[in-house]
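Peer 1: Have a look at this one before I ask anything.
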Amino acid sequence: MEPGVLIQILVWGLYAGCIYILLAIGLNLIFGVMKVVNFAHGELLMLGAYATFWIYTLSGVNPYLIIALAMIILGIIGVFIERLCFRPIKGTGKLNEIFLSLGLIYLFQNLAALLWTTDSRSIHSPYSNVSVSVGSVRLPLDYIIIILFTIVFLIAFQLFMKRTTIGRAMRATSQNRDAAALMGINVERMDMLSFALGSALAAAAGSLWLISGQIVDPYMGSIPAIKAFAVVIIGGLGSIPGAIVAGLTLGIAENVVPLFMQSFAGLLGVSMSFTAWKDTIAFFILIIVLVIRPTGIFGEKGE
Amino acid sequence: MKLVRMNMNMNMNMKTWTGIISLILAFLIPLIFGINQYLLTVLIIMLVFIIYSSAWNLLALSGQASLGHAAFFGIGGYVSAIVANTLGMPPIAAIPVGGLFAAFIGVLIGLTCIRMREWFLAMVTFGFAIIAHTITTELSWLTGGWDGIPAKRLIPVTITNYIMYEYYVILLIAVAVVVIIYLIAKSRVGLALQAIRENELEAKVMGINVIKYKLMAFAVSAFFTGIAGALEIHHFGYITPEVYGMDISFWPILYSISGGLFTVSGPILGTIVITFIWEVLRAFGLMYERFILIGVILVLIVIFLPKGLVSVPEKIKSRLQL
């Protein structure tokens, strides 16, 4: 394989990994604080992408500037989901959370289909024709901006969690809910905030997905979401560095493994394409990890 | 446990009578309404999904809520269609083959899931449906890829009133499946599955072979799901990878929850009621609104009626007593 092609694939992997990381960190935060898994997280990504698409087509502003607005909108939606759906069923069992999420998936997917039809949508970022030369390879500027954006998000998120009072209160709640409540932290408000923040991060992921030139449709959310779950499980529930490492690994593996398999099959004299398997790689990793460690790699906390 | 038993006995009479009356009605429908193609098609699909939801619910009885049952639905359908096409078997003989193959895959998937708890099991089963979809589209020489393959009709279309015969055949199969699932749920196996769901460790301590029963639940559930899938595609006359769709995995969950999780009558009642709502909404020409409404119904039921529609009479009764 040519080194240039490999670099290109690595950058694609990094870019895909960034989307997974943003989703996974939101899931991690919600799980940490509320001990709830929202299976409809991918639908928040989809709504975030549509919010950006919609505002961009109406206003024509640089789409990178719209991300903040999309995050605020989804943050508000997140608050409603927490208050109206997840809070009433708190403590009634994990199966109920799963079933409730399914209802939300139906609701959001078809709401989006109703509002924006099921046509695939895409936008052109103002930098879509610009690319940067690194040695012999040309990388799209948008991918590089997205990787930088993700780094900025991650640093801001980390600072928020470590340095601000609210961030500390959230971490305290996720460590020990009862103790945090006794210390005067309003844990229900922390639930709400974690959901808002998680949804906003999903919106950021969705917006970046759209801006990078990918197509958006109402049913796009479930695959990235399930991959984000894989990232959360592989990286460890509640671990942010784990999510980053696992997200990047998955993003790169998805792009590299089909290519390696293709060249391997080529060596055996078979010409086969494995690109159709791209979306299943996350599941194979997930299944292998869970067969070895049924509670996930750092699962003790979760159970 | 004892309390549950007593409650069951009390409702037994009423429930048996409702069951018998609805069964008689089901047999009379073609006689009352005539051979109505639309009505019978709706009812056939409803019966298929009664089988499917009951099978899903049996697995849920053991505490394993699968989000990827479309894998078994699709595998049963494809195997049955391929077997019927290549070996020239009549569909009615090929359908059990599809079910058996689905059960075999079910045991394999069950083995990987045996130690997983709710969330992880949900994700992994969801993943298996996507893997099954990918394998099917990749094996295009066998499965026709994205275009799918034709499947023989259960009853040849050339026979007059074939749809009526098809309805009766599927009705008989559905009744048989529901009776079998009822017997399983009420037997020691069913009790063992419930014990595992309530507390796996305690069940193990009580001497229940958890792995054996969990795998058994997976196998039986996958078998009947495969049968349902095969029946559906032999009714439609073709099969495409769409049978692995996410909504195919979600329907039995919706039906079981709205009817009543972990009960035998729940999935049946849920399928009938939701199908009715669905068809009424279709008559109004609604498309996405139907799905939105279904989503809202699911959310509301999980929050306000977690035991499903079968618990409504009890709820009313306790209200009246107050």
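Here, A, B, ... name the chains of the structure tokens in the order displayed, residue numbers run from 1 inside each chain, and ligands are numbered from 1 in the same displayed order.
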Compile the contact shell of B:Val210 as a list in words: residues with an atom at most 8 Å away, counting only C-alpha atoms, same-chain residues fewer than 3 positions apart removed.

Peer 2: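 So the residues in contact are Ile196, Glu200, Ala203, Lys204, Tyr213 and Lys214 of chain B.
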
Peer 1: Write out as number ranges by chain which residues come within 9 Å of stretch 126-136 of chain B when counting only C-alpha atoms, dropping same-chain ones fewer than 6 positions away.

Peer 2: A: 226, 276-277, 279-280, 282-284, 286-287; B: 66-72, 74-75, 78, 109, 142-146, 241-246, 249

Peer 1: Compile the contact shell of B:Gly190 as JSON, numbers by chain: residues with an atom at most 12 Å away, counting only C-alpha atoms, same-chain residues fewer than 4 positions apart removed.

Peer 2: {"B": [57, 58, 59, 60, 61, 62, 63, 180, 181, 182, 183, 184, 185, 186, 194, 195, 196, 197, 208, 213, 214, 216, 217, 220, 262, 263, 264]}

Peer 1: For chain A versus chain B, which residues have an atom no more than 8 Å away, and what is each residue's nearest atom pair and distance in Å rounded to one decimal, using only C-alpha atoms, chain-then-number order, as a Markdown table?

Peer 2:
| residue | atom | partner | partner_atom | distance |
| --- | --- | --- | --- | --- |
| A:Val37 | CA | B:Trp119 | CA | 7.6 |
| A:Cys85 | CA | B:Val299 | CA | 7.3 |
| A:Pro88 | CA | B:Ile303 | CA | 6.5 |
| A:Ile89 | CA | B:Ile303 | CA | 6.0 |
| A:Lys94 | CA | B:Glu118 | CA | 6.6 |
| A:Leu95 | CA | B:Glu118 | CA | 6.6 |
| A:Asn96 | CA | B:Val302 | CA | 6.4 |
| A:Ile98 | CA | B:Trp119 | CA | 7.6 |
| A:Phe99 | CA | B:Val302 | CA | 7.1 |
| A:Leu100 | CA | B:Val299 | CA | 5.2 |
| A:Ser101 | CA | B:Val299 | CA | 8.0 |
| A:Leu102 | CA | B:Phe250 | CA | 7.5 |
| A:Gly103 | CA | B:Gly295 | CA | 4.1 |
| A:Leu104 | CA | B:Gly295 | CA | 6.0 |
| A:Ile105 | CA | B:Gly295 | CA | 7.3 |
| A:Tyr106 | CA | B:Gly295 | CA | 4.8 |
| A:Leu107 | CA | B:Ile292 | CA | 4.5 |
| A:Phe108 | CA | B:Ile292 | CA | 7.5 |
| A:Asn110 | CA | B:Tyr288 | CA | 5.3 |
| A:Leu111 | CA | B:Ile292 | CA | 6.4 |
| A:Ala113 | CA | B:Tyr288 | CA | 6.7 |
| A:Leu114 | CA | B:Tyr288 | CA | 5.9 |
| A:Ile226 | CA | B:Met123 | CA | 7.0 |
| A:Phe229 | CA | B:Met123 | CA | 7.7 |
| A:Ala276 | CA | B:Thr134 | CA | 6.9 |
| A:Trp277 | CA | B:Thr134 | CA | 6.8 |
| A:Thr280 | CA | B:Ile131 | CA | 5.9 |
| A:Phe283 | CA | B:Gly127 | CA | 5.5 |
| A:Leu286 | CA | B:Val124 | CA | 7.3 |
| A:Ile287 | CA | B:Val124 | CA | 6.4 |
| A:Leu290 | CA | B:Met116 | CA | 7.4 |
| A:Val291 | CA | B:Thr112 | CA | 6.0 |
| A:Pro294 | CA | B:Met116 | CA | 5.1 |
| A:Thr295 | CA | B:Met116 | CA | 6.8 |

Peer 1: Between atom CA of B:Leu87 and atom CA of B:Leu139, measure the distance and give it in Å to one decimal.

Peer 2: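 For atom CA of B:Leu87 relative to atom CA of B:Leu139, the distance reads 18.8 Å.
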
Peer 1: Restricting the calculation to only C-alpha atoms, which member of A:Ala246, A:Met220, A:Ile211, A:Val187 is positioned closest to A:Leu65?

Peer 2: A:Ile211

Peer 1: Assign secondary structure with DSSP using the backbone only, and return the residues of stretch 73-155 of chain A in strand (DSSP E or B) as a list in words.

Peer 2: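 Put together, the selection reads Arg121, Ser131, Val132, Ser133, Val134, Val137, Arg138, Leu139 and Pro140 of chain A.
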
Peer 1: When distances are computed from only C-alpha atoms, which of B:Ser187, B:Ser53, B:Ser311, B:Ser265 shows the smallest separation from B:Gly19?

Peer 2: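 Counting only C-alpha atoms, the residue closest to B:Gly19 is B:Ser265.
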
Peer 1: Quick one: DSSP helix (DSSP H, G or I) residues in stretch 33-196 of chain B, as a PyMOL selection string?

Peer 2: chain B and resi 33+37-61+70-87+91-113+118-138+140-143+145-147+162-186+188-196

Peer 1: Determine, counting only C-alpha atoms, which protein, DNA and RNA residues have an atom within 8 Å of an atom of A:Pro224; residues of the same chain fewer than 4 positions away are not included. Present the result as a list in words.

Peer 2: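 Non-adjacent residues within range: Tyr20, Gly42, Met220 and Ala228 of chain A.
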
Peer 1: With C-alpha atoms kept, could you save the residues just selected as a compact mmCIF listing (two decimals), in the first residue's frame?

Peer 2:
# COMPACT_ATOMS: atom_id res chain seq x y z
CA TYR A 20 -17.63 9.13 17.57
CA GLY A 42 -28.04 9.10 17.49
CA MET A 220 -28.75 8.43 9.72
CA ALA A 228 -20.48 5.50 19.97

Peer 1: List the spatial neighbours of stretch 147-155 of chain B as a list of chain:residue names - criterion: any atom at most 8 Å away, only C-alpha atoms, same-chain residues fewer than 3 positions off excluded.

Peer 2: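 Using only C-alpha atoms, the neighbours found are B:Ala81, B:Ile82, B:Ala84, B:Asn85, B:Pro90, B:Pro91, B:Ile92, B:Thr143, B:Gly144, B:Ile159, B:Tyr162, B:Ile163, B:Tyr165, B:Glu166, B:Leu231, B:Ile233, B:His234, B:His235, B:Phe236, B:Gly237, B:Tyr238, B:Ile239, B:Thr240, B:Pro241.
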
Peer 1: With N, CA and C atoms retained, write the just-selected residues as a CSV table (one decimal), in the first residue's frame.

Peer 2:
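To be explicit, this is the file written out as part.csv:
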chain,number,residue,atom,x,y,z
B,81,ALA,N,-37.0,-19.4,1.7
B,81,ALA,CA,-37.2,-19.1,0.3
B,81,ALA,C,-36.2,-19.8,-0.5
B,82,ILE,N,-34.9,-19.8,-0.1
B,82,ILE,CA,-33.8,-20.5,-0.9
B,82,ILE,C,-34.1,-22.0,-1.0
B,84,ALA,N,-36.9,-23.6,-0.6
B,84,ALA,CA,-38.1,-23.9,-1.5
B,84,ALA,C,-37.7,-23.7,-2.9
B,85,ASN,N,-36.9,-22.7,-3.3
B,85,ASN,CA,-36.6,-22.5,-4.7
B,85,ASN,C,-35.7,-23.5,-5.2
B,90,PRO,N,-42.3,-27.6,-1.3
B,90,PRO,CA,-43.5,-26.7,-1.1
B,90,PRO,C,-43.1,-25.8,0.1
B,91,PRO,N,-43.6,-24.5,0.1
B,91,PRO,CA,-43.2,-23.6,1.2
B,91,PRO,C,-43.5,-24.2,2.6
B,92,ILE,N,-44.7,-24.9,2.7
B,92,ILE,CA,-45.0,-25.3,4.0
B,92,ILE,C,-44.0,-26.3,4.6
B,143,THR,N,-28.5,-14.8,-2.5
B,143,THR,CA,-29.6,-14.1,-1.9
B,143,THR,C,-30.1,-13.0,-2.9
B,144,GLY,N,-29.4,-12.9,-4.0
B,144,GLY,CA,-29.9,-11.8,-4.9
B,144,GLY,C,-29.5,-10.4,-4.5
B,159,ILE,N,-55.1,-20.8,-7.3
B,159,ILE,CA,-56.2,-21.4,-6.7
B,159,ILE,C,-57.2,-20.3,-6.3
B,162,TYR,N,-57.4,-18.1,-2.8
B,162,TYR,CA,-56.2,-18.6,-2.2
B,162,TYR,C,-55.9,-17.8,-0.9
B,163,ILE,N,-56.3,-16.5,-0.9
B,163,ILE,CA,-56.0,-15.7,0.3
B,163,ILE,C,-56.7,-16.2,1.5
B,165,TYR,N,-57.5,-19.5,2.1
B,165,TYR,CA,-56.8,-20.6,2.6
B,165,TYR,C,-55.5,-20.2,3.3
B,166,GLU,N,-54.9,-19.2,2.7
B,166,GLU,CA,-53.6,-18.7,3.3
B,166,GLU,C,-53.9,-18.2,4.8
B,231,LEU,N,-43.1,-17.2,7.0
B,231,LEU,CA,-44.5,-17.1,6.6
B,231,LEU,C,-44.8,-15.7,5.9
B,233,ILE,N,-42.7,-13.8,4.1
B,233,ILE,CA,-42.2,-13.7,2.8
B,233,ILE,C,-42.9,-14.7,1.8
B,234,HIS,N,-43.3,-15.8,2.3
B,234,HIS,CA,-44.1,-16.7,1.4
B,234,HIS,C,-45.5,-16.1,1.2
B,235,HIS,N,-45.9,-15.2,2.0
B,235,HIS,CA,-47.2,-14.5,1.8
B,235,HIS,C,-46.9,-13.4,0.7
B,236,PHE,N,-45.8,-12.7,0.9
B,236,PHE,CA,-45.6,-11.6,-0.1
B,236,PHE,C,-45.1,-12.1,-1.4
B,237,GLY,N,-44.4,-13.2,-1.4
B,237,GLY,CA,-43.9,-13.8,-2.7
B,237,GLY,C,-42.5,-13.3,-3.1
B,238,TYR,N,-41.9,-12.5,-2.2
B,238,TYR,CA,-40.5,-12.1,-2.5
B,238,TYR,C,-39.8,-11.8,-1.2
B,239,ILE,N,-38.5,-11.7,-1.2
B,239,ILE,CA,-37.8,-11.3,0.0
B,239,ILE,C,-36.6,-10.4,-0.4
B,240,THR,N,-36.4,-9.3,0.3
B,240,THR,CA,-35.3,-8.4,0.1
B,240,THR,C,-34.6,-8.1,1.4
B,241,PRO,N,-33.4,-7.6,1.4
B,241,PRO,CA,-32.7,-7.3,2.7
B,241,PRO,C,-33.5,-6.4,3.6
